[in-house]
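*Asks:* What follows is a single structure, and I will ask about it in a moment.
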Amino acid sequence: MSSMEQLYQQLILDHAKDPHGRGLAEGHAAESFQVNPTCGDEVRLRVHLAQDAGAPALERVSWEGQGCSISQASVSVMSELVTGATVPDVEQLGETFRALMQSRGEGLDEDAEDRLGDATAFTGVAKYPARIKCALLGWAALRDALAQSGAATTKEEER
């Protein structure tokens, strides 16, 4: 295992042990509950919005969940990444993360990985199709909650 893979693995374990954004907070614009039927992982995520110069921004997300370290760490990293971002930027980050999960572990270009920050730690997860849903669980909840809030700018993809 390369030192980068070890670093990524440690980051995932750290976020799983000490998750950011965990704990449901009131004052949310919308909530989404998602379950991965394959393994039973689940997350309940709330979006807290703020108006920022006309464009809605994600003040923060709050969440509760249970499941494997990948699903819990992914939603933790995501909550850090999207806090304070405008909704269009959050949607773009979600698309970029989904592209990373479809890369089969090859990763993305440097610009995309820079935008994802710590979320690039999940590059190795993309090598394991059974684990991709775990990493995407929180992102699916975020996309659903944004759609419910009316703040989403893109059409919900048909799955």
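Within each chain, counting starts at residue 1; across the structure tokens, chains are named A, B, ... in the order shown, with ligands numbered 1 upward in that order.
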Among chain A, which ones does DSSP place in alpha helix (DSSP H), written as a ChimeraX atom specification?
*Replies:* /A:3-17,69-82,87-101,110-116,129-149
*Asks:* Can you write out as JSON lines which residues of region 39-81 of chain A fall within 8 Å of region 143-150 of chain A, alongside each residue's closest atom pair and its distance in Å to one decimal, counting only C-alpha atoms and ordering rows by chain and ascending residue number?
*Replies:*
```
{"residue": "A:Leu45", "atom": "CA", "partner": "A:Ala145", "partner_atom": "CA", "distance": 7.4}
{"residue": "A:Arg46", "atom": "CA", "partner": "A:Ala145", "partner_atom": "CA", "distance": 6.8}
{"residue": "A:Val47", "atom": "CA", "partner": "A:Ala145", "partner_atom": "CA", "distance": 6.4}
```
*Asks:* Pick the closest to Gly124 (chain A) from A:Gln72, A:Gln102, A:Thr153, A:Gln92: which is it, counting only C-alpha atoms?
*Replies:*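 That would be A:Gln102, the residue with the smallest distance to Gly124 (chain A).
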*Asks:* So that I can see what lies close to Ala121 (chain A), please list as a count of residues only the residues with an atom at most 8 Å from it, counting only C-alpha atoms and leaving out residues fewer than 5 positions away in the same chain.
*Replies:* 5
*Asks:* If we count only C-alpha atoms and set the cut-off at 12 Å, which residues sit around Leu142 (chain A), ignoring sequence neighbours fewer than 2 positions away in its own chain? Please answer as a ChimeraX atom specification.
*Replies:* /A:29-34,43-48,58,60-63,74-76,78-79,82-83,87,90-91,93-95,136-140,144-149,151-152,156
*Asks:* Write out as a short mmCIF file (atom, residue, chain, number, x, y, z; two decimals) with N, CA and C atoms, in the first residue's frame which residues come within 12 Å of Ala99 (chain A) when counting only C-alpha atoms, dropping same-chain ones fewer than 3 positions away.
*Replies:*
```
data_model
loop_
_atom_site.label_atom_id
_atom_site.label_comp_id
_atom_site.auth_asym_id
_atom_site.auth_seq_id
_atom_site.Cartn_x
_atom_site.Cartn_y
_atom_site.Cartn_z
N GLN A 92 -22.28 21.03 -8.05
CA GLN A 92 -21.11 20.70 -8.87
C GLN A 92 -20.18 19.75 -8.11
N LEU A 93 -20.00 20.00 -6.82
CA LEU A 93 -19.17 19.10 -6.00
C LEU A 93 -19.77 17.70 -5.99
N GLY A 94 -21.09 17.61 -5.88
CA GLY A 94 -21.75 16.31 -5.91
C GLY A 94 -21.51 15.58 -7.21
N GLU A 95 -21.62 16.31 -8.32
CA GLU A 95 -21.35 15.70 -9.64
C GLU A 95 -19.90 15.22 -9.72
N THR A 96 -18.98 16.04 -9.21
CA THR A 96 -17.56 15.68 -9.25
C THR A 96 -17.30 14.45 -8.39
N GLN A 102 -17.15 6.84 -10.12
CA GLN A 102 -17.25 6.08 -11.37
C GLN A 102 -15.89 5.89 -12.03
N SER A 103 -14.82 6.41 -11.41
CA SER A 103 -13.49 6.35 -12.02
C SER A 103 -12.79 5.01 -11.84
N ARG A 104 -13.42 4.08 -11.13
CA ARG A 104 -12.86 2.76 -10.86
C ARG A 104 -11.49 2.85 -10.18
N GLY A 105 -11.31 3.89 -9.37
CA GLY A 105 -10.07 4.04 -8.62
C GLY A 105 -8.98 4.78 -9.37
N GLU A 106 -9.27 5.23 -10.58
CA GLU A 106 -8.27 5.94 -11.38
C GLU A 106 -8.12 7.40 -10.94
N GLY A 107 -9.13 7.92 -10.25
CA GLY A 107 -9.08 9.31 -9.83
C GLY A 107 -9.51 10.24 -10.94
N LEU A 108 -9.42 11.54 -10.67
CA LEU A 108 -9.82 12.57 -11.62
C LEU A 108 -8.64 13.48 -11.89
N ASP A 109 -8.86 14.50 -12.75
CA ASP A 109 -7.77 15.44 -13.00
C ASP A 109 -7.49 16.26 -11.74
N ALA A 112 -10.17 18.84 -10.47
CA ALA A 112 -11.33 18.20 -9.85
C ALA A 112 -10.97 17.71 -8.45
N GLU A 113 -9.81 17.10 -8.31
CA GLU A 113 -9.40 16.58 -7.01
C GLU A 113 -9.12 17.72 -6.03
N LEU A 116 -12.41 18.73 -4.63
CA LEU A 116 -12.94 17.74 -3.70
C LEU A 116 -12.20 17.71 -2.37
N ALA A 119 -12.28 14.74 0.15
CA ALA A 119 -13.14 13.72 -0.46
C ALA A 119 -12.37 12.85 -1.46
N THR A 120 -11.20 13.31 -1.92
CA THR A 120 -10.39 12.47 -2.81
C THR A 120 -9.90 11.22 -2.08
N PHE A 122 -11.57 9.04 -0.99
CA PHE A 122 -12.45 7.93 -1.35
C PHE A 122 -12.14 7.37 -2.74
N THR A 123 -11.06 7.83 -3.37
CA THR A 123 -10.67 7.32 -4.69
C THR A 123 -10.57 5.80 -4.69
N ALA A 126 -13.67 3.53 -5.06
CA ALA A 126 -14.24 3.36 -6.40
C ALA A 126 -13.79 2.06 -7.06
N ILE A 132 -19.21 1.58 -3.34
CA ILE A 132 -19.50 2.88 -3.94
C ILE A 132 -20.80 3.46 -3.37
N LEU A 136 -21.57 7.08 -1.51
CA LEU A 136 -22.51 8.02 -2.13
C LEU A 136 -23.77 8.28 -1.29
#
```
*Asks:* Any chance you could list, as a count of residues only, the residues in region 9-147 of chain A that come up strand (DSSP E) when DSSP is run on the backbone?
*Replies:* 29
*Asks:* Please measure the separation of CA of Gly23 (chain A) and CA of Ile70 (chain A), giving the value in Å to one decimal.
*Replies:*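 CA of Ile70 (chain A) lies 18.0 Å from CA of Gly23 (chain A).
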*Asks:* Would you work out the distance separating CA of Gly21 (chain A) from CA of Gly67 (chain A), expressed in Å to one decimal?
*Replies:*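 Computed distance, CA of Gly21 (chain A) to CA of Gly67 (chain A), equals 16.0 Å.
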*Asks:* Within 8 Å of Asp41 (chain A), counting only C-alpha atoms, which residues show up once you throw out same-chain ones fewer than 3 positions away? Write them as a ChimeraX atom specification, please.
*Replies:* /A:35-37,65-68,71,134
*Asks:* As an exercise, work out the distance from CA of His20 (chain A) to CA of Phe97 (chain A) in Å and give it to one decimal place.
*Replies:*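 Spanning CA of His20 (chain A) to CA of Phe97 (chain A) is a straight-line distance of 18.1 Å.
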